[in-house]
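Participant: For reference, this is start13.cif, and it has mmCIF, C-alpha atoms and all ligand atoms.
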data_input
loop_
_atom_site.label_atom_id
_atom_site.label_comp_id
_atom_site.auth_asym_id
_atom_site.auth_seq_id
_atom_site.Cartn_x
_atom_site.Cartn_y
_atom_site.Cartn_z
CA MET A 238 -10.76 2.64 -110.54
CA GLN A 239 -9.09 3.78 -107.32
CA GLU A 240 -6.03 5.94 -107.92
CA GLY A 241 -4.08 8.59 -106.06
CA ILE A 242 -4.23 9.64 -102.43
CA LEU A 243 -6.52 11.83 -100.35
CA ILE A 244 -4.91 13.84 -97.53
CA ILE A 245 -7.21 15.30 -94.86
CA GLY A 246 -6.00 18.32 -92.82
CA ALA A 247 -3.84 21.22 -94.02
CA GLY A 248 -1.64 22.08 -91.02
CA GLY A 249 2.10 21.80 -90.39
CA VAL A 250 2.42 18.02 -90.73
CA SER A 251 0.19 17.97 -93.79
CA ARG A 252 2.33 20.55 -95.61
CA VAL A 253 5.36 18.21 -95.28
CA GLY A 254 3.23 15.20 -96.24
CA VAL A 255 2.02 16.94 -99.40
CA TYR A 256 5.55 18.13 -100.35
CA LYS A 257 6.92 14.60 -99.92
CA CYS A 258 4.04 13.06 -101.87
CA ALA A 259 4.71 15.57 -104.66
CA GLU A 260 8.37 14.48 -104.65
CA ASN A 261 7.09 10.90 -105.02
CA ILE A 262 4.44 11.69 -107.62
CA ASP A 263 5.65 8.81 -109.81
CA THR A 264 4.29 6.51 -107.10
CA PHE A 265 1.13 8.38 -106.10
CA LYS A 266 0.01 9.78 -109.50
CA LYS A 267 -2.64 12.13 -108.05
CA ILE A 268 -2.87 14.11 -104.79
CA THR A 269 -6.04 15.62 -103.32
CA LEU A 270 -5.81 17.81 -100.21
CA VAL A 271 -8.94 18.66 -98.18
CA SER A 272 -9.43 20.45 -94.89
CA ARG A 273 -11.84 22.48 -92.80
CA THR A 274 -10.35 25.82 -93.93
CA LEU A 275 -10.07 25.92 -97.73
CA LYS A 276 -7.64 28.87 -97.62
CA LYS A 277 -4.95 26.65 -96.01
CA CYS A 278 -5.34 24.11 -98.82
CA GLU A 279 -5.04 26.90 -101.40
CA ILE A 280 -1.74 28.08 -99.89
CA ILE A 281 -0.22 24.58 -99.99
CA GLN A 282 -1.64 24.03 -103.50
CA LYS A 283 0.17 27.16 -104.72
CA GLU A 284 3.45 26.21 -103.03
CA ILE A 285 3.34 22.78 -104.72
CA LYS A 286 2.58 24.35 -108.09
CA ASP A 287 5.49 26.81 -107.71
CA LYS A 288 8.05 24.29 -106.44
CA TYR A 289 7.21 21.06 -108.29
CA LYS A 290 5.01 22.28 -111.18
CA ILE A 291 2.42 19.74 -110.02
CA HIS A 292 -1.30 20.46 -109.69
CA ILE A 293 -3.04 19.07 -106.62
CA ASP A 294 -6.82 19.09 -106.24
CA ILE A 295 -8.27 20.71 -103.13
CA ALA A 296 -11.67 20.86 -101.39
CA LYS A 297 -13.30 21.94 -98.15
CA LEU A 298 -14.31 19.20 -95.69
CA ASP A 299 -15.38 19.00 -92.07
CA ALA A 300 -14.07 15.53 -91.26
CA ASP A 301 -16.11 15.36 -88.03
CA ASP A 302 -18.97 14.66 -90.44
CA SER A 303 -18.36 11.01 -91.36
CA GLU A 304 -21.10 10.92 -94.03
CA ALA A 305 -19.66 14.00 -95.80
CA THR A 306 -16.20 12.42 -95.62
CA TYR A 307 -17.57 9.18 -97.14
CA LYS A 308 -19.26 11.11 -99.98
CA LEU A 309 -16.03 12.96 -100.75
CA ILE A 310 -14.01 9.72 -100.76
CA GLU A 311 -16.59 8.20 -103.16
CA LYS A 312 -16.25 11.22 -105.44
CA ILE A 313 -12.42 11.31 -105.46
CA LYS A 314 -11.91 7.52 -105.41
CA PRO A 315 -8.40 7.52 -103.90
CA LYS A 316 -6.48 4.34 -103.20
CA ILE A 317 -5.65 5.46 -99.63
CA VAL A 318 -6.81 8.18 -97.21
CA LEU A 319 -4.11 9.84 -95.06
CA ASN A 320 -5.56 11.51 -91.97
CA LEU A 321 -3.37 14.49 -91.02
CA ALA A 322 -6.18 16.41 -89.31
CA LEU A 323 -6.43 15.95 -85.52
CA PRO A 324 -6.88 12.84 -83.35
CA PHE A 325 -10.50 13.97 -82.73
CA GLN A 326 -11.36 13.03 -86.35
CA ASP A 327 -9.80 9.51 -86.36
CA LEU A 328 -13.02 7.53 -85.81
CA SER A 329 -15.23 9.50 -88.19
CA ILE A 330 -12.61 9.19 -90.96
CA MET A 331 -12.09 5.47 -90.26
CA ASP A 332 -15.86 4.88 -90.50
CA ALA A 333 -15.97 6.74 -93.82
CA CYS A 334 -13.08 4.59 -95.10
CA ILE A 335 -14.85 1.35 -94.08
CA LYS A 336 -18.00 2.44 -95.93
CA ALA A 337 -16.03 3.45 -99.03
CA LYS A 338 -13.67 0.40 -98.77
CA VAL A 339 -10.53 2.56 -98.91
CA SER A 340 -7.43 2.00 -96.72
CA TYR A 341 -6.62 4.46 -93.93
CA ILE A 342 -3.45 5.89 -92.30
CA ASP A 343 -2.99 8.28 -89.37
CA THR A 344 -0.22 9.62 -87.13
CA ALA A 345 -1.94 9.94 -83.75
CA ASN A 346 -4.46 7.81 -81.88
CA TYR A 347 -8.06 8.76 -81.20
CA GLU A 348 -8.82 11.25 -78.46
CA PRO A 349 -12.29 12.45 -77.49
CA LYS A 350 -12.61 16.23 -77.58
CA ASP A 351 -14.04 16.53 -74.06
CA GLU A 352 -11.69 14.14 -72.21
CA ALA A 353 -7.88 14.30 -72.11
CA LYS A 354 -7.43 10.59 -72.72
CA PHE A 355 -5.96 8.79 -75.69
CA GLU A 356 -6.04 5.06 -76.31
CA TYR A 357 -6.20 2.62 -79.21
CA LYS A 358 -9.22 0.67 -77.94
CA LEU A 359 -11.85 2.26 -80.17
CA GLN A 360 -9.62 2.08 -83.24
CA TRP A 361 -8.59 -1.54 -82.59
CA GLN A 362 -12.29 -2.42 -82.25
CA LYS A 363 -12.70 -1.63 -85.95
CA ASP A 364 -10.35 -4.49 -86.94
CA LYS A 365 -13.18 -6.80 -88.07
CA ALA A 366 -14.87 -4.06 -90.08
CA PHE A 367 -11.58 -3.29 -91.88
CA LYS A 368 -10.99 -7.02 -92.53
CA ASP A 369 -14.55 -7.47 -93.83
CA ALA A 370 -14.11 -4.46 -96.13
CA GLY A 371 -10.80 -5.95 -97.39
CA ILE A 372 -8.81 -2.85 -96.44
CA CYS A 373 -6.01 -1.84 -94.06
CA ALA A 374 -5.76 0.76 -91.30
CA LEU A 375 -2.15 1.66 -90.52
CA LEU A 376 -2.16 3.44 -87.15
CA GLY A 377 0.56 5.84 -86.04
CA SER A 378 2.74 6.48 -89.09
CA GLY A 379 4.49 9.61 -87.78
CA PHE A 380 7.75 9.70 -85.80
CA ASP A 381 6.55 8.91 -82.30
CA PRO A 382 4.34 6.98 -82.77
CA GLY A 383 5.69 5.77 -86.07
CA VAL A 384 9.42 5.56 -86.67
CA THR A 385 9.98 4.60 -83.01
CA GLY A 386 7.79 1.49 -83.59
CA VAL A 387 9.67 0.70 -86.82
CA PHE A 388 13.01 1.04 -84.93
CA CYS A 389 11.74 -1.48 -82.34
CA ALA A 390 10.54 -3.92 -85.03
CA TYR A 391 13.90 -3.58 -86.81
CA ALA A 392 15.80 -4.27 -83.57
CA GLN A 393 13.59 -7.29 -82.91
CA LYS A 394 14.16 -8.65 -86.44
CA HIS A 395 17.91 -8.04 -86.81
CA HIS A 396 19.55 -7.43 -83.44
CA PHE A 397 17.92 -9.46 -80.67
CA ASP A 398 16.63 -12.90 -79.77
CA GLU A 399 14.87 -11.33 -76.77
CA ILE A 400 14.11 -7.68 -75.91
CA PHE A 401 13.81 -6.72 -72.21
CA ASN A 402 13.74 -2.93 -72.06
CA ILE A 403 12.86 -0.10 -74.44
CA ASP A 404 13.38 3.59 -73.60
CA ILE A 405 12.25 6.14 -76.18
CA PHE A 406 14.02 9.52 -76.01
CA ASP A 407 12.54 12.54 -77.80
CA CYS A 408 14.47 15.81 -77.80
CA ASN A 409 13.49 18.95 -79.63
CA ALA A 410 16.42 21.30 -79.09
CA GLY A 411 15.03 23.87 -81.52
CA ASP A 412 14.89 27.50 -80.40
CA ASN A 413 12.10 29.70 -81.84
CA GLY A 414 12.74 32.77 -79.68
CA HIS A 415 9.41 32.48 -77.81
CA ALA A 416 9.25 32.02 -74.03
CA PHE A 417 6.33 29.64 -74.54
CA ALA A 418 5.07 28.00 -77.72
CA THR A 419 4.22 24.43 -78.67
CA ASN A 420 5.91 22.71 -81.59
CA PHE A 421 2.76 21.07 -82.91
CA ASN A 422 -0.97 21.61 -82.39
CA PRO A 423 -1.16 23.31 -78.94
CA GLU A 424 -4.38 21.59 -77.85
CA ILE A 425 -2.98 18.10 -78.48
CA ASN A 426 0.49 18.95 -77.14
CA LEU A 427 -0.66 20.51 -73.86
CA ARG A 428 -3.21 17.75 -73.16
CA GLU A 429 -0.41 15.20 -73.56
CA VAL A 430 2.27 16.94 -71.49
CA SER A 431 0.05 18.00 -68.57
CA ALA A 432 -1.40 14.48 -68.16
CA LYS A 433 -0.16 11.93 -65.60
CA GLY A 434 2.93 9.94 -66.62
CA ARG A 435 2.74 6.17 -67.12
CA PHE A 436 5.10 3.36 -68.12
CA TRP A 437 4.91 -0.40 -68.63
CA GLN A 438 6.78 -2.72 -66.26
CA GLU A 439 6.49 -6.45 -65.64
CA GLY A 440 3.02 -6.71 -67.17
CA LYS A 441 1.40 -3.66 -65.60
CA TRP A 442 1.15 0.11 -65.93
CA ILE A 443 2.91 2.26 -63.31
CA GLU A 444 1.48 5.77 -62.97
CA THR A 445 3.42 8.91 -62.01
CA LYS A 446 2.38 12.50 -61.35
CA PRO A 447 2.72 14.79 -64.42
CA LEU A 448 6.44 15.35 -65.15
CA GLU A 449 7.37 13.74 -61.80
CA GLN A 450 10.25 11.59 -63.13
CA LYS A 451 13.21 13.26 -64.78
CA ILE A 452 16.53 11.91 -66.03
CA ILE A 453 19.45 13.59 -67.75
CA TRP A 454 20.07 12.02 -71.15
CA ASP A 455 22.99 12.67 -73.48
CA TYR A 456 21.55 13.15 -76.99
CA PRO A 457 24.10 12.65 -79.82
CA LYS A 458 24.95 16.02 -81.52
CA ILE A 459 22.81 17.90 -78.95
CA GLY A 460 24.25 17.06 -75.52
CA LYS A 461 22.79 16.48 -72.07
CA LYS A 462 19.16 17.48 -71.54
CA ALA A 463 16.63 17.01 -68.75
CA SER A 464 14.11 14.46 -70.08
CA TYR A 465 10.73 13.85 -68.45
CA LEU A 466 8.78 10.61 -68.31
CA LEU A 467 5.46 10.94 -70.18
CA TYR A 468 2.77 8.50 -71.18
CA HIS A 469 2.94 8.23 -74.95
CA GLU A 470 0.62 6.30 -77.21
CA GLU A 471 3.11 3.87 -78.79
CA LEU A 472 3.70 2.33 -75.34
CA GLU A 473 0.20 0.81 -75.53
CA SER A 474 0.88 -1.08 -78.77
CA LEU A 475 4.59 -1.85 -78.26
CA CYS A 476 3.97 -3.65 -74.97
CA LYS A 477 1.66 -6.00 -76.93
CA ASN A 478 3.66 -6.34 -80.12
CA ILE A 479 7.28 -6.61 -78.91
CA LYS A 480 7.19 -10.09 -77.45
CA GLY A 481 8.64 -10.59 -73.99
CA VAL A 482 9.37 -6.91 -73.32
CA LYS A 483 9.52 -6.19 -69.57
CA ARG A 484 9.74 -2.40 -69.42
CA ILE A 485 8.92 0.43 -71.85
CA ARG A 486 9.26 4.11 -71.00
CA PHE A 487 9.04 7.35 -72.97
CA PHE A 488 11.02 10.53 -72.18
CA MET A 489 10.74 13.99 -73.72
CA THR A 490 12.78 17.16 -73.16
CA PHE A 491 11.21 20.47 -72.10
CA SER A 492 12.92 23.72 -71.24
CA ASP A 493 12.48 25.17 -67.74
CA SER A 494 10.62 28.10 -69.33
CA TYR A 495 8.12 25.75 -71.03
CA ILE A 496 7.44 23.88 -67.79
CA THR A 497 7.06 27.06 -65.71
CA HIS A 498 4.58 28.54 -68.20
CA MET A 499 2.64 25.29 -68.49
CA ASN A 500 2.37 24.90 -64.72
CA CYS A 501 1.15 28.50 -64.30
CA LEU A 502 -1.42 28.09 -67.07
CA GLN A 503 -2.61 24.84 -65.52
CA ASN A 504 -2.83 26.37 -62.04
CA VAL A 505 -5.10 29.17 -63.28
CA GLY A 506 -7.32 26.78 -65.28
CA MET A 507 -6.19 27.78 -68.77
CA LEU A 508 -5.62 24.14 -69.80
CA GLY A 509 -9.25 23.25 -69.01
CA ILE A 510 -11.19 21.38 -71.71
CA LYS A 511 -14.70 21.80 -70.27
CA GLU A 512 -16.88 24.73 -71.35
CA ILE A 513 -17.01 27.72 -69.01
CA ASN A 514 -19.21 30.79 -69.02
CA HIS A 515 -17.38 34.04 -69.88
CA LYS A 516 -19.58 37.17 -69.92
CA GLY A 517 -22.50 35.12 -71.21
CA GLN A 518 -20.41 33.32 -73.83
CA LYS A 519 -19.41 29.66 -73.63
CA ILE A 520 -15.68 29.13 -74.12
CA ILE A 521 -13.24 26.27 -73.61
CA PRO A 522 -10.10 27.66 -71.89
CA LEU A 523 -7.61 25.49 -73.84
CA GLU A 524 -9.21 26.48 -77.17
CA PHE A 525 -8.96 30.15 -76.15
CA LEU A 526 -5.29 29.64 -75.21
CA LYS A 527 -4.68 28.07 -78.64
CA THR A 528 -5.99 31.28 -80.23
CA LEU A 529 -3.43 33.31 -78.26
CA LEU A 530 -0.42 31.09 -78.89
CA PRO A 531 1.62 31.30 -82.09
CA GLU A 532 0.50 28.81 -84.71
CA PRO A 533 3.30 26.17 -84.75
CA ALA A 534 3.61 26.33 -88.55
CA SER A 535 4.35 30.08 -88.29
CA LEU A 536 7.42 29.36 -86.11
CA ALA A 537 9.12 27.16 -88.69
CA CYS A 538 11.02 30.00 -90.39
CA LYS A 539 12.47 31.18 -87.04
CA THR A 540 13.36 27.85 -85.45
CA LYS A 541 17.02 26.90 -85.26
CA GLY A 542 18.63 23.73 -83.94
CA LEU A 543 18.17 19.98 -84.03
CA THR A 544 15.74 17.27 -83.03
CA ASN A 545 16.93 13.84 -81.94
CA ILE A 546 14.43 11.01 -81.43
CA GLY A 547 15.38 7.40 -80.88
CA CYS A 548 15.08 4.16 -78.95
CA VAL A 549 17.49 2.54 -76.52
CA ILE A 550 16.82 -1.18 -76.63
CA GLU A 551 18.27 -3.81 -74.32
CA GLY A 552 18.05 -7.56 -74.61
CA LYS A 553 19.94 -10.73 -75.48
CA LYS A 554 21.53 -11.96 -78.73
CA ASP A 555 23.19 -15.38 -78.99
CA GLY A 556 23.09 -15.71 -75.21
CA LYS A 557 24.86 -12.39 -74.58
CA ASN A 558 23.45 -9.12 -73.19
CA LYS A 559 23.21 -6.37 -75.81
CA LYS A 560 22.13 -2.70 -75.80
CA ILE A 561 21.68 -0.50 -78.88
CA TYR A 562 20.56 3.08 -79.55
CA ILE A 563 18.79 3.73 -82.88
CA TYR A 564 18.07 7.40 -83.58
CA ASN A 565 17.54 10.11 -86.15
CA ILE A 566 18.86 13.65 -86.00
CA CYS A 567 16.94 16.30 -87.94
CA SER A 568 17.73 19.99 -88.47
CA HIS A 569 14.94 22.57 -88.23
CA GLU A 570 16.70 24.87 -90.71
CA GLU A 571 17.19 22.07 -93.28
CA SER A 572 13.54 21.01 -92.87
CA PHE A 573 12.44 24.56 -93.54
CA LYS A 574 14.62 24.82 -96.64
CA LYS A 575 13.14 21.60 -98.01
CA THR A 576 9.47 21.92 -97.08
CA ASN A 577 8.73 25.37 -95.61
CA SER A 578 8.12 23.59 -92.27
CA GLY A 579 9.97 22.99 -89.00
CA GLY A 580 11.62 19.79 -87.79
CA VAL A 581 8.64 18.49 -85.81
CA SER A 582 6.35 18.65 -88.85
CA PHE A 583 9.13 17.24 -91.04
CA THR A 584 9.85 14.26 -88.78
CA THR A 585 6.09 13.46 -88.78
CA GLY A 586 5.16 14.24 -92.40
CA VAL A 587 7.99 12.20 -93.97
CA PRO A 588 7.06 8.91 -92.21
CA ALA A 589 3.39 9.59 -93.01
CA MET A 590 4.33 9.65 -96.69
CA ILE A 591 6.51 6.53 -96.30
CA GLY A 592 3.58 4.68 -94.67
CA LEU A 593 1.45 5.70 -97.66
CA LYS A 594 4.12 4.36 -100.00
CA MET A 595 4.30 1.01 -98.17
CA LEU A 596 0.54 0.48 -98.60
CA TYR A 597 0.29 2.07 -102.05
CA LEU A 598 2.96 -0.20 -103.52
CA GLY A 599 1.64 -3.26 -101.68
CA LEU A 600 4.95 -3.69 -99.79
CA TRP A 601 2.77 -3.85 -96.68
CA ASP A 602 -0.33 -5.83 -97.48
CA LYS A 603 -2.59 -6.85 -94.59
CA LYS A 604 -6.33 -6.51 -94.03
CA GLY A 605 -7.51 -5.15 -90.69
CA VAL A 606 -6.28 -2.56 -88.17
CA PHE A 607 -2.54 -2.60 -87.35
CA ASN A 608 0.10 -0.58 -85.55
CA ILE A 609 3.23 0.18 -87.52
CA GLU A 610 5.54 -2.27 -85.69
CA GLU A 611 3.36 -5.16 -86.95
CA PHE A 612 4.79 -4.77 -90.47
CA ASP A 613 8.19 -5.69 -91.97
CA PRO A 614 10.43 -2.75 -90.94
CA ASP A 615 13.06 -3.19 -93.70
CA PRO A 616 11.49 -1.31 -96.65
CA PHE A 617 10.40 1.52 -94.31
CA MET A 618 13.93 1.79 -92.82
CA ASP A 619 15.38 2.00 -96.37
CA GLU A 620 12.97 4.79 -97.28
CA LEU A 621 13.87 6.77 -94.14
CA ASN A 622 17.45 6.95 -95.42
CA THR A 623 16.47 8.17 -98.87
CA GLN A 624 13.55 10.48 -97.97
CA GLY A 625 15.40 12.77 -95.53
CA LEU A 626 15.38 11.03 -92.14
CA PRO A 627 18.58 8.93 -92.04
CA TRP A 628 19.09 6.81 -88.92
CA GLN A 629 22.09 5.59 -87.01
CA ILE A 630 22.73 2.68 -84.68
CA LYS A 631 25.16 2.87 -81.76
CA VAL A 632 26.09 -0.24 -79.78
CA MET A 633 26.15 0.77 -76.10
CA LYS A 634 28.03 -0.63 -73.13
P1 LIG A 701 -2.32 21.50 -87.13
O1 LIG A 701 -3.23 22.03 -86.08
O2 LIG A 701 -1.23 22.34 -87.67
O3 LIG A 701 -3.19 21.00 -88.38
C1 LIG A 701 -4.36 20.29 -88.26
C2 LIG A 701 -5.15 20.48 -89.53
O4 LIG A 701 -6.34 19.69 -89.45
C3 LIG A 701 -5.61 21.92 -89.74
O5 LIG A 701 -5.47 22.25 -91.10
C4 LIG A 701 -7.07 21.87 -89.33
O6 LIG A 701 -7.91 22.79 -89.96
C5 LIG A 701 -7.46 20.50 -89.79
N1 LIG A 701 -8.67 20.08 -89.12
C6 LIG A 701 -8.98 20.18 -87.80
N2 LIG A 701 -10.23 19.73 -87.58
C7 LIG A 701 -10.71 19.34 -88.79
C8 LIG A 701 -11.94 18.82 -89.23
N3 LIG A 701 -12.94 18.62 -88.38
N4 LIG A 701 -12.10 18.55 -90.54
C9 LIG A 701 -11.09 18.78 -91.43
N5 LIG A 701 -9.90 19.29 -91.07
C10 LIG A 701 -9.71 19.57 -89.77
O7 LIG A 701 -1.75 20.12 -86.54
P2 LIG A 701 -0.38 19.42 -86.91
O8 LIG A 701 -0.17 19.48 -88.37
O9 LIG A 701 0.65 19.89 -85.97
O10 LIG A 701 -0.71 17.89 -86.49
C11 LIG A 701 -1.46 17.06 -87.36
C12 LIG A 701 -1.57 15.67 -86.74
O11 LIG A 701 -0.27 15.10 -86.57
C13 LIG A 701 -2.22 15.66 -85.35
O12 LIG A 701 -3.06 14.54 -85.25
C14 LIG A 701 -1.03 15.48 -84.41
O13 LIG A 701 -1.39 14.87 -83.20
C15 LIG A 701 -0.16 14.56 -85.26
N6 LIG A 701 1.26 14.57 -84.87
C16 LIG A 701 1.88 13.35 -84.78
C17 LIG A 701 3.21 13.27 -84.44
C18 LIG A 701 3.92 11.96 -84.45
O14 LIG A 701 5.14 11.93 -84.38
N7 LIG A 701 3.24 10.83 -84.57
C19 LIG A 701 3.99 14.48 -84.10
C20 LIG A 701 3.27 15.73 -84.32
C21 LIG A 701 1.93 15.74 -84.66
P3 LIG A 701 -8.08 24.31 -89.46
O15 LIG A 701 -6.93 24.99 -90.07
O16 LIG A 701 -9.39 24.73 -89.99
O17 LIG A 701 -8.03 24.28 -87.95
#
Let's see the structure in the file written out as structure tokens.

Facilitator:
Amino acid sequence: MQEGILIIGAGGVSRVGVYKCAENIDTFKKITLVSRTLKKCEIIQKEIKDKYKIHIDIAKLDADDSEATYKLIEKIKPKIVLNLALPFQDLSIMDACIKAKVSYIDTANYEPKDEAKFEYKLQWQKDKAFKDAGICALLGSGFDPGVTGVFCAYAQKHHFDEIFNIDIFDCNAGDNGHAFATNFNPEINLREVSAKGRFWQEGKWIETKPLEQKIIWDYPKIGKKASYLLYHEELESLCKNIKGVKRIRFFMTFSDSYITHMNCLQNVGMLGIKEINHKGQKIIPLEFLKTLLPEPASLACKTKGLTNIGCVIEGKKDGKNKKIYIYNICSHEESFKKTNSGGVSFTTGVPAMIGLKMLYLGLWDKKGVFNIEEFDPDPFMDELNTQGLPWQIKVMK
């Protein structure tokens, strides 16, 4: 019999995911945590034992090895696999899930290791295999992607007859005292931010130079911040799934110090992802940089301030123009008190657990590969309010 959940990866997001699953142990019954470095699983295992008096099983796994992942799933027999490793492992874990006939959830779309390019194509191509196996893949159950898609689906269901424009605003106003550090995995973060910008307008993609477009946005409880247009993965699914939408953009805040450091590092080649020869040794510059930078999870105890992520949605209701702003505000200090992790891990790990809950309880029950906005948003929105990520809606002029 399939019971319990299997979580792959033991980084910052995973720690929050495991804490939240432990808080919801009445639903999940049994938690198994596996990752490449067993020591990281042991640390989380001990924290869960100390805080919740719950035992979680742990094991070592290299999830790039799909066959090994399949064998482990067969041994553990979970009801669902939650992938909180890196986007590089998405396809190998999905293949293992198809073979074992176990549903799959992730928080970030597939990215090949040797090319800074992320897209859903290869994951969407597995739709038939998931349907044939009678299982579900829920893609992008973090905050962005994740909650932002649920906000859009909620707006579509309850607030609009037609949606024209969606702007997603992501602000991390946390201060960790470092001149330069990334707030989640540095490799993934720097590949995303240094890439060309892109947004969807009138049925086609418009490309911009990296960080070329900037607007000043007033974030509730935080204030005005320079926000830069980025390409972000939920744009690819939202432009398909929110019917009639004409424009979708994504903006994220960065401090001047972050941008100056990133530009310098890029100019000297430190963001490179191709192997180079260094004194007879092959190294990848971005991997070397990751070794030098503080591990994001280690910054959680020092980070102070708020995050604010939300969607501004414009359209028509009952023949009249309407504009709303749905957002969540999260405190780094509160996140740390609750889960030993910072706000960025918290805002990702909580929705990952809620996605698990939707599938585990059968509240979301479809066979195939789906993005989060393709499900009924209501039970997920209710859980956000009770699991630590309350949202607000502002009607705008
Ligand atoms: P971390 O780097 O902190 O953690 C990643 C974990 O995955 C590490 O424990 C790492 O192990 C493990 N891992 C890496 N490769 C493998 C492998 N081959 N097999 C098994 N385990 C592996 O990352 P984060 O926790 O910051 O991010 C986790 C995921 O969440 C990423 O996919 C990220 O893109 C996504 N994310 C999504 C967001 C959203 O809102 N949707 C926001 C933030 C992050 P080791 O310790 O050995 O390196």

Participant: Mind checking which residues fall within 6 Å of region 345-359 of chain A, counting all atoms listed in the file, ignoring those fewer than 5 positions away in the same chain, and posting them as a VMD selection string?

Facilitator: chain A and resid 324 to 325 327 377 428

Participant: How close does chain A get to ligand LIG 701 (chain A)? List, as JSON lines, each residue of chain A within 6 Å, its nearest atom pair and the distance in Å to one decimal, counting all atoms listed in the file.

Facilitator:
{"residue": "A:Gly246", "atom": "CA", "partner": "A:LIG701", "partner_atom": "O4", "distance": 3.7}
{"residue": "A:Ala247", "atom": "CA", "partner": "A:LIG701", "partner_atom": "O5", "distance": 3.5}
{"residue": "A:Gly248", "atom": "CA", "partner": "A:LIG701", "partner_atom": "O3", "distance": 3.2}
{"residue": "A:Gly249", "atom": "CA", "partner": "A:LIG701", "partner_atom": "O8", "distance": 3.8}
{"residue": "A:Val250", "atom": "CA", "partner": "A:LIG701", "partner_atom": "O8", "distance": 3.8}
{"residue": "A:Ser251", "atom": "CA", "partner": "A:LIG701", "partner_atom": "O8", "distance": 5.6}
{"residue": "A:Ser272", "atom": "CA", "partner": "A:LIG701", "partner_atom": "N5", "distance": 4.0}
{"residue": "A:Arg273", "atom": "CA", "partner": "A:LIG701", "partner_atom": "C9", "distance": 4.0}
{"residue": "A:Thr274", "atom": "CA", "partner": "A:LIG701", "partner_atom": "O16", "distance": 4.2}
{"residue": "A:Leu298", "atom": "CA", "partner": "A:LIG701", "partner_atom": "C9", "distance": 5.4}
{"residue": "A:Asp299", "atom": "CA", "partner": "A:LIG701", "partner_atom": "N4", "distance": 3.6}
{"residue": "A:Ala300", "atom": "CA", "partner": "A:LIG701", "partner_atom": "N4", "distance": 3.7}
{"residue": "A:Asp301", "atom": "CA", "partner": "A:LIG701", "partner_atom": "N3", "distance": 4.6}
{"residue": "A:Leu321", "atom": "CA", "partner": "A:LIG701", "partner_atom": "C12", "distance": 4.8}
{"residue": "A:Ala322", "atom": "CA", "partner": "A:LIG701", "partner_atom": "O4", "distance": 3.3}
{"residue": "A:Leu323", "atom": "CA", "partner": "A:LIG701", "partner_atom": "O12", "distance": 3.7}
{"residue": "A:Pro324", "atom": "CA", "partner": "A:LIG701", "partner_atom": "O12", "distance": 4.6}
{"residue": "A:Thr344", "atom": "CA", "partner": "A:LIG701", "partner_atom": "N7", "distance": 4.5}
{"residue": "A:Ala345", "atom": "CA", "partner": "A:LIG701", "partner_atom": "O12", "distance": 5.0}
{"residue": "A:Gly377", "atom": "CA", "partner": "A:LIG701", "partner_atom": "N7", "distance": 5.9}
{"residue": "A:Gly379", "atom": "CA", "partner": "A:LIG701", "partner_atom": "N7", "distance": 3.7}
{"residue": "A:Phe380", "atom": "CA", "partner": "A:LIG701", "partner_atom": "O14", "distance": 3.7}
{"residue": "A:Asp381", "atom": "CA", "partner": "A:LIG701", "partner_atom": "O14", "distance": 3.9}
{"residue": "A:Pro382", "atom": "CA", "partner": "A:LIG701", "partner_atom": "N7", "distance": 4.4}
{"residue": "A:Gly383", "atom": "CA", "partner": "A:LIG701", "partner_atom": "N7", "distance": 5.8}
{"residue": "A:Phe421", "atom": "CA", "partner": "A:LIG701", "partner_atom": "O9", "distance": 3.9}
{"residue": "A:Asn422", "atom": "CA", "partner": "A:LIG701", "partner_atom": "O9", "distance": 4.3}
{"residue": "A:Ile425", "atom": "CA", "partner": "A:LIG701", "partner_atom": "O13", "distance": 5.9}
{"residue": "A:Thr585", "atom": "CA", "partner": "A:LIG701", "partner_atom": "O14", "distance": 4.8}

Participant: My list of candidates is A:Phe367, A:Tyr465, A:Phe488, A:Phe583. Which is closest to Lys257 (chain A) when distances are computed with only C-alpha atoms?

Facilitator: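 Ranking A:Phe367, A:Tyr465, A:Phe488, A:Phe583 by distance to Lys257 (chain A), first place goes to A:Phe583.
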
Participant: CA of Leu427 (chain A) and CA of Asn320 (chain A), how far apart in Å?

Facilitator: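 CA of Leu427 (chain A) lies 20.8 Å from CA of Asn320 (chain A).
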
Participant: Find, counting only C-alpha atoms, the residue in A:Ile405, A:Val384, A:Ile372, A:Ile330 that gets nearest to Asp602 (chain A).

Facilitator: A:Ile372

Participant: List the residues sitting within 10 Å of (3.9, 18.0, -109.9) in the file's frame, using only C-alpha atoms, as a list in words.

Facilitator: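 Counting only C-alpha atoms, I find these residues within 10 Å of (3.9, 18.0, -109.9): Tyr256, Cys258, Ala259, Glu260, Asn261, Ile262, Asp263, Lys266, Lys267, Ile268, Ile285, Lys286, Asp287, Lys288, Tyr289, Lys290, Ile291, His292 and Ile293 of chain A.
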
Participant: What does the distance between CA of Gln326 (chain A) and CA of Leu621 (chain A) come to in Å, to one decimal place?

Facilitator: 27.1 Å

Participant: Using all atoms listed in the file, determine which residues lie at most 12 Å from Asn402 (chain A), disregarding the query and same-chain residues fewer than 4 positions distant; provide the list as a PyMOL selection string.

Facilitator: chain A and resi 389+392-393+397+436-439+472+475-476+479-487+548-553+558-562

Participant: From the set A:Gly592, A:Val339, A:Leu328, A:Leu508, which residue has the shortest atom-to-atom contact distance to Asp369 (chain A), counting only C-alpha atoms?

Facilitator: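 The answer is A:Val339, which sits nearest to Asp369 (chain A).
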
Participant: Using C-alpha atoms, give me region 256-260 of chain A from the structure I just pasted, as a compact mmCIF listing (two decimals), in the first residue's frame.

Facilitator:
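Result file out.txt:
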# COMPACT_ATOMS: atom_id res chain seq x y z
CA TYR A 256 8.76 21.22 9.10
CA LYS A 257 5.35 21.97 7.55
CA CYS A 258 4.74 18.31 6.69
CA ALA A 259 5.60 17.42 10.30
CA GLU A 260 3.03 20.01 11.46
